[in-house]
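Colleague: Below is the file upload.cif, which contains mmCIF, C-alpha atoms, pLDDT in the B column; chains and numbers go by the auth columns.
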data_structure
loop_
_atom_site.group_PDB
_atom_site.id
_atom_site.type_symbol
_atom_site.label_atom_id
_atom_site.label_comp_id
_atom_site.label_asym_id
_atom_site.label_seq_id
_atom_site.Cartn_x
_atom_site.Cartn_y
_atom_site.Cartn_z
_atom_site.B_iso_or_equiv
_atom_site.auth_seq_id
_atom_site.auth_asym_id
ATOM 1 C CA MET A 1 131.781 50.553 4.069 48.00 1 A
ATOM 2 C CA THR A 2 129.327 51.146 1.207 60.00 2 A
ATOM 3 C CA ARG A 3 125.933 52.327 2.400 92.00 3 A
ATOM 4 C CA THR A 4 122.865 51.317 0.393 95.00 4 A
ATOM 5 C CA VAL A 5 119.762 53.429 -0.112 97.00 5 A
ATOM 6 C CA ASN A 6 116.861 53.759 -2.535 98.00 6 A
ATOM 7 C CA LEU A 7 115.842 56.906 -4.417 97.00 7 A
ATOM 8 C CA ASN A 8 112.161 57.036 -5.405 97.00 8 A
ATOM 9 C CA ALA A 9 109.723 59.425 -7.075 96.00 9 A
ATOM 10 C CA ASP A 10 105.962 59.656 -7.587 96.00 10 A
ATOM 11 C CA LEU A 11 105.385 59.499 -11.346 97.00 11 A
ATOM 12 C CA GLY A 12 102.740 58.868 -13.998 97.00 12 A
ATOM 13 C CA GLU A 13 100.637 61.731 -12.653 96.00 13 A
ATOM 14 C CA SER A 14 99.602 63.251 -15.969 95.00 14 A
ATOM 15 C CA PHE A 15 95.961 62.813 -16.998 93.00 15 A
ATOM 16 C CA GLY A 16 94.591 62.983 -20.531 89.00 16 A
ATOM 17 C CA ALA A 17 95.808 66.192 -22.173 87.00 17 A
ATOM 18 C CA TRP A 18 97.057 67.549 -18.824 89.00 18 A
ATOM 19 C CA GLU A 19 100.736 66.916 -18.193 91.00 19 A
ATOM 20 C CA MET A 20 102.530 66.889 -14.860 90.00 20 A
ATOM 21 C CA GLY A 21 106.207 66.410 -14.174 84.00 21 A
ATOM 22 C CA SER A 22 109.114 65.194 -16.285 90.00 22 A
ATOM 23 C CA ASP A 23 108.809 61.443 -15.991 94.00 23 A
ATOM 24 C CA ALA A 24 111.480 60.452 -18.531 94.00 24 A
ATOM 25 C CA GLU A 25 114.094 62.666 -16.873 95.00 25 A
ATOM 26 C CA MET A 26 113.156 61.475 -13.395 96.00 26 A
ATOM 27 C CA LEU A 27 113.294 57.821 -14.470 97.00 27 A
ATOM 28 C CA ALA A 28 116.839 58.366 -15.701 96.00 28 A
ATOM 29 C CA THR A 29 117.761 59.383 -12.149 96.00 29 A
ATOM 30 C CA VAL A 30 115.734 57.492 -9.527 97.00 30 A
ATOM 31 C CA THR A 31 115.900 53.773 -8.793 98.00 31 A
ATOM 32 C CA SER A 32 112.193 53.155 -8.058 98.00 32 A
ATOM 33 C CA ALA A 33 108.998 54.721 -9.381 98.00 33 A
ATOM 34 C CA ASN A 34 105.625 54.984 -7.632 98.00 34 A
ATOM 35 C CA ILE A 35 103.083 55.120 -10.447 98.00 35 A
ATOM 36 C CA ALA A 36 99.647 56.705 -10.087 98.00 36 A
ATOM 37 C CA CYS A 37 96.806 54.227 -10.613 98.00 37 A
ATOM 38 C CA GLY A 38 94.082 56.531 -11.924 97.00 38 A
ATOM 39 C CA PHE A 39 92.403 57.522 -8.661 98.00 39 A
ATOM 40 C CA HIS A 40 94.302 60.731 -7.850 97.00 40 A
ATOM 41 C CA ALA A 41 96.095 61.076 -11.181 97.00 41 A
ATOM 42 C CA GLY A 42 97.106 59.069 -14.213 97.00 42 A
ATOM 43 C CA ASP A 43 94.990 57.174 -16.704 97.00 43 A
ATOM 44 C CA PRO A 44 95.423 53.834 -18.508 97.00 44 A
ATOM 45 C CA LEU A 45 97.545 55.284 -21.324 97.00 45 A
ATOM 46 C CA VAL A 46 99.720 57.311 -18.946 97.00 46 A
ATOM 47 C CA MET A 47 100.176 54.251 -16.728 98.00 47 A
ATOM 48 C CA ARG A 48 101.286 52.099 -19.635 98.00 48 A
ATOM 49 C CA ARG A 49 103.621 54.747 -21.053 97.00 49 A
ATOM 50 C CA THR A 50 105.211 55.312 -17.647 98.00 50 A
ATOM 51 C CA LEU A 51 105.722 51.589 -17.125 98.00 51 A
ATOM 52 C CA SER A 52 107.345 51.321 -20.556 98.00 52 A
ATOM 53 C CA LEU A 53 109.722 54.174 -19.709 98.00 53 A
ATOM 54 C CA ALA A 54 110.516 52.571 -16.356 98.00 54 A
ATOM 55 C CA LYS A 55 111.367 49.281 -18.042 98.00 55 A
ATOM 56 C CA LYS A 56 113.757 51.011 -20.451 97.00 56 A
ATOM 57 C CA ALA A 57 115.391 52.828 -17.534 97.00 57 A
ATOM 58 C CA GLY A 58 115.728 49.657 -15.426 96.00 58 A
ATOM 59 C CA VAL A 59 113.700 51.176 -12.601 97.00 59 A
ATOM 60 C CA SER A 60 111.530 49.085 -10.259 98.00 60 A
ATOM 61 C CA VAL A 61 107.842 50.016 -10.163 98.00 61 A
ATOM 62 C CA GLY A 62 105.146 50.210 -7.532 98.00 62 A
ATOM 63 C CA ALA A 63 101.531 51.303 -7.165 98.00 63 A
ATOM 64 C CA HIS A 64 100.936 54.838 -5.892 98.00 64 A
ATOM 65 C CA ILE A 65 97.497 54.221 -4.384 98.00 65 A
ATOM 66 C CA ALA A 66 95.137 57.002 -3.328 98.00 66 A
ATOM 67 C CA TYR A 67 91.640 58.039 -2.372 98.00 67 A
ATOM 68 C CA PRO A 68 89.260 58.423 -5.359 98.00 68 A
ATOM 69 C CA ASP A 69 89.899 62.153 -5.767 97.00 69 A
ATOM 70 C CA LEU A 70 91.005 63.231 -9.242 95.00 70 A
ATOM 71 C CA GLN A 71 89.745 66.784 -8.739 95.00 71 A
ATOM 72 C CA GLY A 72 91.697 67.236 -5.532 96.00 72 A
ATOM 73 C CA PHE A 73 94.793 65.299 -6.636 95.00 73 A
ATOM 74 C CA GLY A 74 94.200 62.889 -3.773 96.00 74 A
ATOM 75 C CA ARG A 75 95.012 65.499 -1.157 95.00 75 A
ATOM 76 C CA ARG A 76 91.538 65.892 0.345 97.00 76 A
ATOM 77 C CA PRO A 77 90.741 63.857 3.478 97.00 77 A
ATOM 78 C CA MET A 78 87.990 61.281 3.081 98.00 78 A
ATOM 79 C CA THR A 79 86.114 58.968 5.412 97.00 79 A
ATOM 80 C CA ILE A 80 85.510 55.623 3.714 98.00 80 A
ATOM 81 C CA PRO A 81 84.376 52.387 5.454 98.00 81 A
ATOM 82 C CA ALA A 82 87.186 49.845 5.756 98.00 82 A
ATOM 83 C CA PRO A 83 85.669 47.206 3.397 98.00 83 A
ATOM 84 C CA GLU A 84 85.138 49.839 0.687 98.00 84 A
ATOM 85 C CA LEU A 85 88.630 51.285 1.129 98.00 85 A
ATOM 86 C CA GLU A 86 90.175 47.811 0.899 98.00 86 A
ATOM 87 C CA ALA A 87 88.303 47.265 -2.372 98.00 87 A
ATOM 88 C CA ILE A 88 89.465 50.656 -3.694 98.00 88 A
ATOM 89 C CA ILE A 89 93.069 49.751 -2.899 98.00 89 A
ATOM 90 C CA LEU A 90 92.768 46.263 -4.408 98.00 90 A
ATOM 91 C CA TYR A 91 91.322 47.774 -7.590 98.00 91 A
ATOM 92 C CA GLN A 92 94.345 50.045 -7.981 98.00 92 A
ATOM 93 C CA LEU A 93 96.855 47.298 -7.204 98.00 93 A
ATOM 94 C CA ALA A 94 95.235 45.017 -9.755 98.00 94 A
ATOM 95 C CA ALA A 95 95.286 47.757 -12.377 98.00 95 A
ATOM 96 C CA LEU A 96 98.971 48.552 -12.071 98.00 96 A
ATOM 97 C CA SER A 97 100.006 44.940 -11.634 98.00 97 A
ATOM 98 C CA GLY A 98 98.156 43.969 -14.807 98.00 98 A
ATOM 99 C CA MET A 99 99.608 46.872 -16.763 98.00 99 A
ATOM 100 C CA ALA A 100 103.078 45.994 -15.502 98.00 100 A
ATOM 101 C CA ARG A 101 102.677 42.377 -16.586 98.00 101 A
ATOM 102 C CA ALA A 102 101.752 43.527 -20.099 97.00 102 A
ATOM 103 C CA GLU A 103 105.044 45.452 -20.205 97.00 103 A
ATOM 104 C CA GLY A 104 107.074 42.514 -18.904 97.00 104 A
ATOM 105 C CA LEU A 105 107.490 44.019 -15.440 98.00 105 A
ATOM 106 C CA THR A 106 106.641 42.820 -11.935 98.00 106 A
ATOM 107 C CA MET A 107 105.185 45.298 -9.450 98.00 107 A
ATOM 108 C CA SER A 108 107.508 45.346 -6.446 98.00 108 A
ATOM 109 C CA HIS A 109 105.941 47.747 -3.963 98.00 109 A
ATOM 110 C CA VAL A 110 103.047 49.941 -2.837 98.00 110 A
ATOM 111 C CA LYS A 111 103.133 53.532 -1.646 98.00 111 A
ATOM 112 C CA PRO A 112 100.034 55.445 -0.482 98.00 112 A
ATOM 113 C CA HIS A 113 99.622 59.003 -1.769 97.00 113 A
ATOM 114 C CA GLY A 114 98.479 62.312 -0.339 95.00 114 A
ATOM 115 C CA ALA A 115 95.628 62.308 2.143 97.00 115 A
ATOM 116 C CA LEU A 116 95.486 58.509 2.268 98.00 116 A
ATOM 117 C CA SER A 117 99.134 58.417 3.301 97.00 117 A
ATOM 118 C CA ASN A 118 98.891 61.336 5.725 94.00 118 A
ATOM 119 C CA MET A 119 95.813 59.935 7.453 96.00 119 A
ATOM 120 C CA ALA A 120 97.208 56.391 7.624 98.00 120 A
ATOM 121 C CA CYS A 121 100.444 57.751 9.076 96.00 121 A
ATOM 122 C CA ALA A 122 98.456 59.204 11.981 95.00 122 A
ATOM 123 C CA SER A 123 95.764 56.512 12.429 97.00 123 A
ATOM 124 C CA LEU A 124 96.802 52.940 13.174 98.00 124 A
ATOM 125 C CA GLU A 125 93.263 51.727 12.454 98.00 125 A
ATOM 126 C CA LEU A 126 93.327 53.219 8.951 98.00 126 A
ATOM 127 C CA ALA A 127 96.904 52.042 8.443 98.00 127 A
ATOM 128 C CA ARG A 128 95.838 48.482 9.278 98.00 128 A
ATOM 129 C CA THR A 129 93.142 48.685 6.606 98.00 129 A
ATOM 130 C CA VAL A 130 95.740 49.746 4.031 98.00 130 A
ATOM 131 C CA ALA A 131 98.165 47.014 5.108 98.00 131 A
ATOM 132 C CA ALA A 132 95.407 44.372 5.076 98.00 132 A
ATOM 133 C CA ALA A 133 94.489 45.245 1.494 98.00 133 A
ATOM 134 C CA VAL A 134 98.118 45.052 0.367 98.00 134 A
ATOM 135 C CA LYS A 135 98.596 41.703 2.088 98.00 135 A
ATOM 136 C CA ALA A 136 95.404 40.333 0.565 98.00 136 A
ATOM 137 C CA PHE A 137 96.684 41.191 -2.896 98.00 137 A
ATOM 138 C CA ASP A 138 100.270 39.983 -2.433 98.00 138 A
ATOM 139 C CA PRO A 139 102.020 39.551 0.940 98.00 139 A
ATOM 140 C CA ALA A 140 105.405 39.843 -0.784 98.00 140 A
ATOM 141 C CA LEU A 141 104.789 43.431 -1.897 98.00 141 A
ATOM 142 C CA ILE A 142 107.002 45.988 -0.169 98.00 142 A
ATOM 143 C CA LEU A 143 105.144 48.698 1.736 98.00 143 A
ATOM 144 C CA LEU A 144 106.977 51.986 1.176 98.00 144 A
ATOM 145 C CA ALA A 145 105.895 54.288 3.983 98.00 145 A
ATOM 146 C CA PRO A 146 107.043 57.422 5.818 97.00 146 A
ATOM 147 C CA ALA A 147 109.554 56.653 8.555 97.00 147 A
ATOM 148 C CA LEU A 148 108.229 56.233 12.109 97.00 148 A
ATOM 149 C CA SER A 149 104.595 56.368 10.959 97.00 149 A
ATOM 150 C CA GLU A 150 101.617 54.286 12.025 97.00 150 A
ATOM 151 C CA LEU A 151 101.606 53.047 8.432 98.00 151 A
ATOM 152 C CA CYS A 152 105.023 51.479 8.998 98.00 152 A
ATOM 153 C CA GLN A 153 103.794 49.966 12.254 98.00 153 A
ATOM 154 C CA ALA A 154 100.774 48.423 10.547 98.00 154 A
ATOM 155 C CA GLY A 155 103.012 47.000 7.847 98.00 155 A
ATOM 156 C CA TYR A 156 105.274 45.378 10.406 98.00 156 A
ATOM 157 C CA GLU A 157 102.276 44.005 12.332 98.00 157 A
ATOM 158 C CA THR A 158 100.804 42.531 9.163 97.00 158 A
ATOM 159 C CA GLY A 159 104.065 40.888 8.210 98.00 159 A
ATOM 160 C CA LEU A 160 104.645 42.898 5.046 98.00 160 A
ATOM 161 C CA PRO A 161 108.175 43.812 3.972 98.00 161 A
ATOM 162 C CA VAL A 162 108.508 47.494 4.974 98.00 162 A
ATOM 163 C CA VAL A 163 110.886 50.196 3.756 98.00 163 A
ATOM 164 C CA GLU A 164 110.861 53.446 5.718 97.00 164 A
ATOM 165 C CA GLU A 165 111.333 56.587 3.632 97.00 165 A
ATOM 166 C CA ILE A 166 112.254 60.208 4.164 97.00 166 A
ATOM 167 C CA PHE A 167 111.333 63.145 1.966 95.00 167 A
ATOM 168 C CA ALA A 168 114.026 65.268 0.344 95.00 168 A
ATOM 169 C CA ASP A 169 111.682 68.197 -0.221 92.00 169 A
ATOM 170 C CA ARG A 170 109.377 68.145 2.813 93.00 170 A
ATOM 171 C CA ALA A 171 109.897 69.389 6.383 95.00 171 A
ATOM 172 C CA TYR A 172 108.956 67.472 9.542 96.00 172 A
ATOM 173 C CA LEU A 173 107.036 68.238 12.730 95.00 173 A
ATOM 174 C CA ASP A 174 108.303 67.195 16.155 95.00 174 A
ATOM 175 C CA ASP A 175 106.037 64.109 16.089 93.00 175 A
ATOM 176 C CA GLY A 176 107.588 62.869 12.838 93.00 176 A
ATOM 177 C CA ASN A 177 104.664 63.807 10.613 90.00 177 A
ATOM 178 C CA LEU A 178 105.101 66.120 7.642 91.00 178 A
ATOM 179 C CA VAL A 179 104.576 69.843 8.079 93.00 179 A
ATOM 180 C CA PRO A 180 101.142 70.533 6.474 90.00 180 A
ATOM 181 C CA ARG A 181 101.400 71.957 2.965 87.00 181 A
ATOM 182 C CA ARG A 182 99.363 75.014 3.991 90.00 182 A
ATOM 183 C CA ARG A 183 102.280 76.198 6.147 94.00 183 A
ATOM 184 C CA PRO A 184 105.033 78.299 4.519 93.00 184 A
ATOM 185 C CA ASP A 185 107.754 76.058 5.978 93.00 185 A
ATOM 186 C CA ALA A 186 106.282 72.813 4.588 92.00 186 A
ATOM 187 C CA MET A 187 108.632 72.521 1.623 91.00 187 A
ATOM 188 C CA ILE A 188 112.413 72.314 1.287 92.00 188 A
ATOM 189 C CA HIS A 189 113.312 74.451 -1.721 90.00 189 A
ATOM 190 C CA GLY A 190 116.300 73.881 -3.993 92.00 190 A
ATOM 191 C CA ALA A 191 118.685 71.011 -4.669 94.00 191 A
ATOM 192 C CA GLU A 192 121.359 72.187 -2.232 95.00 192 A
ATOM 193 C CA ALA A 193 118.908 72.619 0.644 95.00 193 A
ATOM 194 C CA SER A 194 117.375 69.209 -0.100 95.00 194 A
ATOM 195 C CA LEU A 195 120.803 67.564 -0.035 96.00 195 A
ATOM 196 C CA ALA A 196 121.626 69.170 3.313 96.00 196 A
ATOM 197 C CA HIS A 197 118.256 68.025 4.679 96.00 197 A
ATOM 198 C CA VAL A 198 118.735 64.445 3.448 97.00 198 A
ATOM 199 C CA SER A 199 122.411 64.173 4.405 96.00 199 A
ATOM 200 C CA ALA A 200 121.759 65.228 7.983 96.00 200 A
ATOM 201 C CA MET A 201 119.027 62.614 8.376 97.00 201 A
ATOM 202 C CA LEU A 202 121.085 59.855 6.739 96.00 202 A
ATOM 203 C CA ASP A 203 124.153 60.662 8.854 94.00 203 A
ATOM 204 C CA GLU A 204 122.155 60.574 12.079 94.00 204 A
ATOM 205 C CA GLN A 205 119.640 57.904 10.949 94.00 205 A
ATOM 206 C CA ALA A 206 116.920 60.129 12.333 97.00 206 A
ATOM 207 C CA LEU A 207 114.144 62.436 11.237 97.00 207 A
ATOM 208 C CA ILE A 208 115.076 66.039 12.001 97.00 208 A
ATOM 209 C CA SER A 209 112.151 68.361 12.670 96.00 209 A
ATOM 210 C CA VAL A 210 111.822 72.072 11.946 95.00 210 A
ATOM 211 C CA THR A 211 112.692 72.728 15.597 95.00 211 A
ATOM 212 C CA GLY A 212 115.788 70.504 15.452 95.00 212 A
ATOM 213 C CA LYS A 213 114.313 67.521 17.291 96.00 213 A
ATOM 214 C CA ARG A 214 115.920 64.161 16.410 97.00 214 A
ATOM 215 C CA LEU A 215 113.728 61.077 16.022 97.00 215 A
ATOM 216 C CA PRO A 216 115.920 57.979 15.488 96.00 216 A
ATOM 217 C CA THR A 217 114.836 55.603 12.723 95.00 217 A
ATOM 218 C CA THR A 218 116.144 53.310 9.996 93.00 218 A
ATOM 219 C CA ILE A 219 116.072 55.047 6.612 96.00 219 A
ATOM 220 C CA GLY A 220 115.798 52.872 3.525 97.00 220 A
ATOM 221 C CA SER A 221 114.545 55.246 0.852 98.00 221 A
ATOM 222 C CA ILE A 222 114.532 58.909 -0.150 98.00 222 A
ATOM 223 C CA CYS A 223 111.591 60.419 -2.023 96.00 223 A
ATOM 224 C CA VAL A 224 111.851 63.352 -4.418 92.00 224 A
ATOM 225 C CA HIS A 225 108.384 64.483 -5.481 83.00 225 A
ATOM 226 C CA GLY A 226 108.215 64.459 -9.268 67.00 226 A
ATOM 227 C CA ASP A 227 105.750 67.345 -9.675 70.00 227 A
ATOM 228 C CA GLY A 228 107.864 70.243 -8.376 71.00 228 A
ATOM 229 C CA PRO A 229 109.542 72.785 -10.679 75.00 229 A
ATOM 230 C CA ASP A 230 112.960 71.834 -9.279 82.00 230 A
ATOM 231 C CA ALA A 231 112.313 68.073 -9.162 87.00 231 A
ATOM 232 C CA VAL A 232 114.658 66.931 -11.917 92.00 232 A
ATOM 233 C CA ARG A 233 117.568 69.097 -10.802 93.00 233 A
ATOM 234 C CA THR A 234 117.063 68.056 -7.175 93.00 234 A
ATOM 235 C CA ALA A 235 116.915 64.361 -8.026 95.00 235 A
ATOM 236 C CA ARG A 236 120.024 64.543 -10.224 96.00 236 A
ATOM 237 C CA TYR A 237 121.948 66.511 -7.625 96.00 237 A
ATOM 238 C CA LEU A 238 120.992 64.098 -4.848 96.00 238 A
ATOM 239 C CA ARG A 239 122.005 61.122 -6.973 97.00 239 A
ATOM 240 C CA GLU A 240 125.378 62.602 -7.901 97.00 240 A
ATOM 241 C CA GLU A 241 126.209 63.706 -4.377 96.00 241 A
ATOM 242 C CA LEU A 242 125.088 60.501 -2.693 96.00 242 A
ATOM 243 C CA LEU A 243 127.172 58.436 -5.119 96.00 243 A
ATOM 244 C CA HIS A 244 130.114 60.768 -4.515 95.00 244 A
ATOM 245 C CA ARG A 245 129.733 60.238 -0.764 94.00 245 A
ATOM 246 C CA GLY A 246 129.911 56.467 -1.131 94.00 246 A
ATOM 247 C CA TYR A 247 126.274 55.453 -1.224 96.00 247 A
ATOM 248 C CA ARG A 248 125.054 52.698 -3.506 96.00 248 A
ATOM 249 C CA LEU A 249 121.643 53.483 -5.022 97.00 249 A
ATOM 250 C CA VAL A 250 119.442 50.440 -5.635 97.00 250 A
ATOM 251 C CA ALA A 251 115.854 49.477 -6.417 96.00 251 A
ATOM 252 C CA LEU A 252 113.535 48.841 -3.479 95.00 252 A
ATOM 253 C CA ASP A 253 113.514 45.093 -4.097 92.00 253 A
ATOM 254 C CA ALA A 254 117.326 45.068 -3.908 93.00 254 A
ATOM 255 C CA LEU A 255 117.343 46.461 -0.364 93.00 255 A
ATOM 256 C CA ASP A 256 117.714 44.250 2.707 83.00 256 A
ATOM 257 C CA VAL A 257 114.063 44.705 3.655 79.00 257 A
ATOM 258 C CA ALA A 258 112.763 44.166 7.191 64.00 258 A
#
As structure tokens, what does this structure read like?
Modeller:
Amino acid sequence: MTRTVNLNADLGESFGAWEMGSDAEMLATVTSANIACGFHAGDPLVMRRTLSLAKKAGVSVGAHIAYPDLQGFGRRPMTIPAPELEAIILYQLAALSGMARAEGLTMSHVKPHGALSNMACASLELARTVAAAVKAFDPALILLAPALSELCQAGYETGLPVVEEIFADRAYLDDGNLVPRRRPDAMIHGAEASLAHVSAMLDEQALISVTGKRLPTTIGSICVHGDGPDAVRTARYLREELLHRGYRLVALDALDVA
């Protein structure tokens, strides 16, 4: 039986003269791209260029929404009232959706970034604010969220299509949250180690923590962060090996979404 999964990456994170990642190479490998909307990274020209590259590569696109934190790359926690945060999210969704339309693309999904994602994964109240903003913009948009998180729960409650993702290059705590980046064991280094990490979770359909704890879940997507020095090699290796093992790699909007 052919198993179907999505491979995604966070892209379009350059800003002005500052370049991050290898977007063209990543877009030749992944099947969905989460594109920065200018609040943690990216700018209008970078957004448009990334969308154009995605169209040429046949990759589905989504908004990589974040707190307004260019200096901190969206990784600094913030406390923002719910109405203001909803407006911030709507602003970003409108920006990427409009840019996508100009390139002849339709935005298919939304994925929170950095501190916004981490905090919404732990707080159902915050997650509900995120989900409410997405639904207000377009209830058909797929919410791409870390597996077993409060963000997934809020998406299900709100009636959004939800795809639960795992990270190829990040380690997990026993509660299913990511190991904080400040810890030395936060990252999975190297293509081979990432494949072993991903394969074990796909085979068991469970998150596997640094202590070996299994947390059963349904995995729909795999994220390879596009800003790491080994990102392109890791993404290519994962793609080749997953295809070799009988997986079919598809865009998010081609999955059987809950």
Colleague: Which residues come within 9 Å of A:Ala36, counting all atoms listed in the file, excluding same-chain residues fewer than 2 positions away, as a list in words?
Modeller: Asp10, Leu11, Gly12, Glu13, Ser14, Asn34, Gly38, Phe39, His40, Ala41, Gly42, Asp43, Val46, Met47, Gly62, Ala63, His64, Ile65, Ala66, Gln92, Leu96 and His113 of chain A
Colleague: What would the selection look like, as number ranges by chain, if the PyMOL selection byres ((chain A and resi 167-176) around 9) were run on the coordinates I just shared?
Modeller: A: 146-149, 165-166, 177-181, 185-191, 193-195, 197-198, 207-215, 221-225, 231, 234-235, 238
Colleague: Could you work out how far atom CA of A:Ala154 lies from atom CA of A:Ala127, giving the answer in Å with one decimal?
Modeller: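 About the pair atom CA of A:Ala127 and atom CA of A:Ala154: they are 5.7 Å apart.
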Colleague: Which is closer to A:Leu27 than all the others in A:Arg182, A:Arg128, A:Lys111, A:Arg239, using all atoms listed in the file?
Modeller: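 Closest to A:Leu27 of all the choices is A:Arg239.
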Colleague: What is the atom CA of A:Tyr67 to atom CA of A:Gly114 distance in Å?
Modeller: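 Computing it gives 8.3 Å between the two atoms.
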